[in-house]
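Scroll down for the structure; my scribbles are underneath it.
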Amino acid sequence: MSVATSLIEDQPARIAPTPAETLYQFNESPLLARQSQQESNARSYPRRIPLALKRAKGIYVEDVEGRRFIDCLAGAGTLALGHNHPVVIEAIQQVLSDELPLHTLDLTTPVKDRFVQDLFGLLPPALAAEAKIQFCGPTGTDAVEAALKLVRTATGRSTVLSFQGGYHGMSQGALSLMGSLGPKKPLGALLGNGVQFMPYPYDYRCPFGLGGAQGVQVNLNYLENLLNDPEAGVQLPAAVIVEVVQGEGGVIPADLDWLRGLRRITEQAGVALIVDEIQSGFARTGKMFAFEHAGIIPDVVVMSKAIGGSLPLAVVVYRDWLDTWLPGAHAGTFRGNQMAMAAGSAVMRYLTEHKVCEHAATMGERLSEHLHILQRDFPQLGDIRGRGLMLGVELVDPAGAPDAQGHPPVFGRLASLVQRECLKRGLILELGGRHGGVVRFLPPLVITAAEIDRVADIFGRAMAAAVASL
């Protein structure tokens with residue numbers, strides 16, 4: 001039995017996909033009208049994806065008007081196995097039927113112990129052998145806050161290096177690490193001078209105007225000089241925090257040689273390396289953790305999203321040399337979510353037993369091949385990138401003035417049109433990157449080859465319609 005076949009058979013009855021020729025029109029429903037009136041102005045997804053959802057199975061969602069959509073947003077990567085996967089439902093129901101405590105603070109339970117053993121079993125052995133875990137509040141941003149406190153406590157240093165284009169959450173501490181200026185501008189000072197931003201190895205738009213191996217080497221030389229030059233003007237930091245694949249920043253995968261160089265430089269300098277795997281972890285990139293592509297061992301790994309099997313959960317796993325903080329140094333009322341731990345264990349076991357890493361890598365290659373074929377007809381598809389089923393397409397204006405590397409400028413308006421045309425045809429996608437110019441693909445990892453083909457077909461027709469409308 002093939003991986004794809006086994007994944008299909010383990011899925012619940014699917015909501016049938018929408019016929020190819022159907023074009024949905026979107027008028028504000030009573031639910032959306034009330035949401036617009038009563039929810040805060042900070043709401044984001046409903047502005048671009050005006051749906052009121054009532055049902056979901058596998059990779060499909062259905063709205064209150066009975067319209068069906070392929071969900072390639074998947075809770076921003078949270079739904080590794082898609083919506084309402086039977087192993088997740090069974091795990092949740094078992095917790096309820098066994099009358100297990102639902103709220104335990106950080107008291108242990110058999111469910112929690114199994115979760116930790118399952119998680120440590122997925123880690124590279126060199127990390128698992130000395131790993132400690134901190135359960136945090138139920139969001140990734142709280143885990144990032146915990147990681148910041150951890151490294152500052154252990155090293156006695158206060159500054160942190162982050163990267164341009166990075167995204168690590170929306171609380172004030174995590175927000176200070178963000179590359180995007182938009183959410184930070186109204187707030188003024190965050191962590192003050194506590195964060196220093198570095199150029200990320202964004203190959204398509206290299207900050208040094210070079211790209212390729214030369215751009216990677218210059219980037220590493222710059223970082224190494226910064227940490228070792230007594231006249232650099234930057235204090236030795238407590239840590240460097242990095243996404244191995246920048247998600248919100250535009251699905252930018254870091255060069256693997258650069259990652260290995262980053263690990264070498266930070267280790268030699270005595271600086272903790274924090275890897276943010278909140279979106280890229282748990283088979284998303286074709287490895288259980290994205291940093292495994294480079295064969296490195298970080299000092300700290302931040303995890304959330306898929307780790308809770310679709311329910312809120314966040315943890316920090318770190319090497320034991322950092323475990324110097326005092327009892328209560330980081331806490332949170334909802335760090336003992338038993339249903340999330342049970343669901344997370346079920347997902348982790350499923351990922352391993354069904355070789356989902358390999359499946360995600362294969363499906364990602366298949367989707368990438370489709371996108372490269374479309375690129376022949378659409379010069380607006382400037383860069384196709386990512387790893388596994390964490391893919392992005394940077395849309396560009398071929399008529400615009402090229403940059404230092406000869407690439408045309410980003411075309412955010414076209415990306416918005418493409419997103420809208422995809423939604424009309426029953427495909428939910430999200431945008432990211434500079435000026436919102438990157439179309440992002442984050443489908444559930446159980447997506448099949450036929451469904452990948454369907455996604456590519458819809459995207460191609462949406463591209464044609466969007467370009468024709470310019």
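Labels used: A, B, ... for chains in the order of the structure tokens, numbers from 1 for residues in each chain, and numbers from 1 for ligands as shown.
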- Task: Pick out the residues sitting within 10 Å of Trp325 of chain A, and hand them over as JSON, numbers by chain; count only C-alpha atoms, and ignore anything fewer than 3 positions along from it in its own chain.
- Result: {"A": [149, 150, 151, 152, 153, 154, 322, 328, 329, 330]}
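Distance annotation: of A:Tyr60, A:Ala52, A:Ile296, A:Thr324, the residue with the minimal separation from His85 of chain A is A:Tyr60; atom set is only C-alpha atoms.
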- Message: What's around segment 440-448 of chain A at 8 Å? Count only C-alpha atoms, leave out sequence neighbours fewer than 2 positions away in its own chain, and write the answer as a PyMOL selection string.
- Response: chain A and resi 4+7-8+58-59+71-74+76-77+79-82+250-251+283-284+356+359-360+363+389-393+429-432+438+450-452
- Task: For Leu123 of chain A, list every protein, DNA or RNA residue within 10 Å, evaluated using only C-alpha atoms, and leave out those in the same chain fewer than 3 positions away; present the list as a count of residues only.
- Result: 13
- Query: Tell me, which residues of segment 255-457 of chain A carry DSSP strand (DSSP E or B), written as a PyMOL selection string?
  - Reply: chain A and resi 272-276+300-303+315-319+381-387+390-396+410+427-428+430-432+438-441
Might you pull out every residue within 8 Å of Val410 of chain A, with only C-alpha atoms counted and same-chain residues fewer than 5 positions away left off, and present them as a tab-separated table (two decimals) with C-alpha atoms, in the first residue's frame?
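Output below, filename selection14.tsv:
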chain	number	residue	atom	x	y	z
A	394	GLU	CA	6.56	35.66	-5.34
A	395	LEU	CA	4.55	37.59	-7.91
A	396	VAL	CA	6.38	40.26	-9.86
A	397	ASP	CA	5.72	42.98	-12.43
A	434	ARG	CA	7.12	42.16	1.28
A	435	HIS	CA	4.11	44.21	0.15
A	437	GLY	CA	3.37	39.85	-2.87
- Task: Step one, run DSSP on the backbone; step two, keep only residues of segment 39-133 of chain A assigned to alpha helix (DSSP H); then write them as a ChimeraX atom specification.
- Result: /A:45-48,74-77,86-97,110-122,125-128
Write out as a compact mmCIF listing (two decimals) with N, CA and C atoms, in the first residue's frame which residues come within 12 Å of segment 93-95 of chain A when counting only C-alpha atoms, dropping same-chain ones fewer than 6 positions away.
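Once written, around28.txt looks like this:
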# COMPACT_ATOMS: atom_id res chain seq x y z
N ASN A 84 -10.50 17.61 11.45
CA ASN A 84 -11.25 16.49 12.05
C ASN A 84 -10.71 15.13 11.63
N PRO A 86 -9.56 11.44 12.01
CA PRO A 86 -10.09 10.48 12.99
C PRO A 86 -9.16 10.20 14.16
N VAL A 87 -7.83 10.23 13.97
CA VAL A 87 -6.96 9.96 15.10
C VAL A 87 -7.00 11.10 16.11
N PRO A 101 -8.50 14.85 33.92
CA PRO A 101 -8.56 16.29 34.21
C PRO A 101 -8.25 17.09 32.95
N LEU A 102 -9.03 18.11 32.69
CA LEU A 102 -8.80 18.94 31.50
C LEU A 102 -7.87 20.10 31.79
N HIS A 103 -7.72 20.44 33.05
CA HIS A 103 -6.94 21.60 33.44
C HIS A 103 -6.04 21.20 34.59
N THR A 109 0.51 14.19 34.31
CA THR A 109 -0.52 13.17 34.12
C THR A 109 0.05 12.12 33.17
N PRO A 110 -0.56 10.95 33.07
CA PRO A 110 -0.10 9.99 32.07
C PRO A 110 -0.15 10.54 30.65
N VAL A 111 -1.16 11.36 30.35
CA VAL A 111 -1.26 11.98 29.03
C VAL A 111 -0.08 12.90 28.77
N LYS A 112 0.25 13.71 29.76
CA LYS A 112 1.37 14.64 29.60
C LYS A 112 2.69 13.88 29.46
N ASN A 337 -3.01 21.83 28.91
CA ASN A 337 -4.15 21.45 28.07
C ASN A 337 -4.08 19.96 27.71
N GLN A 338 -4.80 19.13 28.48
CA GLN A 338 -4.69 17.68 28.32
C GLN A 338 -5.23 17.19 26.97
N MET A 339 -6.31 17.78 26.50
CA MET A 339 -6.84 17.35 25.21
C MET A 339 -5.85 17.66 24.09
N ALA A 340 -5.18 18.82 24.20
CA ALA A 340 -4.18 19.17 23.18
C ALA A 340 -2.99 18.21 23.23
N MET A 341 -2.59 17.83 24.43
CA MET A 341 -1.47 16.89 24.54
C MET A 341 -1.85 15.53 23.97
N ALA A 342 -3.06 15.07 24.27
CA ALA A 342 -3.51 13.78 23.72
C ALA A 342 -3.60 13.84 22.20
N ALA A 343 -4.17 14.93 21.69
CA ALA A 343 -4.27 15.08 20.23
C ALA A 343 -2.89 15.22 19.60
N ALA A 346 -1.24 11.87 19.33
CA ALA A 346 -1.83 11.10 18.23
C ALA A 346 -1.28 11.56 16.89
- Item | atom CA of Gly249 of chain A to atom CA of Asp276 of chain A, straight-line distance in Å |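 Interatomic distance, atom CA of Asp276 of chain A to atom CA of Gly249 of chain A: 13.2 Å.
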- Would you kindly return, as a PyMOL selection string, each protein, DNA or RNA residue with an atom no farther than 10 Å from any atom of Glu28 of chain A, considering only C-alpha atoms and excluding same-chain residues fewer than 4 positions away? chain A and resi 32-34+36+50-52
Those residues with C-alpha atoms, as a PDB file, in the first residue's frame please?
ATOM      1  CA  LEU A  32     -20.043  38.358   8.473  1.00  0.00           C
ATOM      2  CA  ALA A  33     -21.946  41.603   8.968  1.00  0.00           C
ATOM      3  CA  ARG A  34     -22.136  41.016  12.724  1.00  0.00           C
ATOM      4  CA  SER A  36     -17.569  43.257  11.035  1.00  0.00           C
ATOM      5  CA  PRO A  50     -14.881  36.583   3.720  1.00  0.00           C
ATOM      6  CA  LEU A  51     -16.239  33.192   4.793  1.00  0.00           C
ATOM      7  CA  ALA A  52     -18.408  31.966   7.654  1.00  0.00           C
TER       8      ALA A  52
END
- Task: Report the distance between atom CA of Thr22 of chain A and atom CA of Ile70 of chain A in Å, rounded to one decimal place.
- Result: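 Computing the Euclidean distance for atom CA of Thr22 of chain A and atom CA of Ile70 of chain A yields 13.5 Å.
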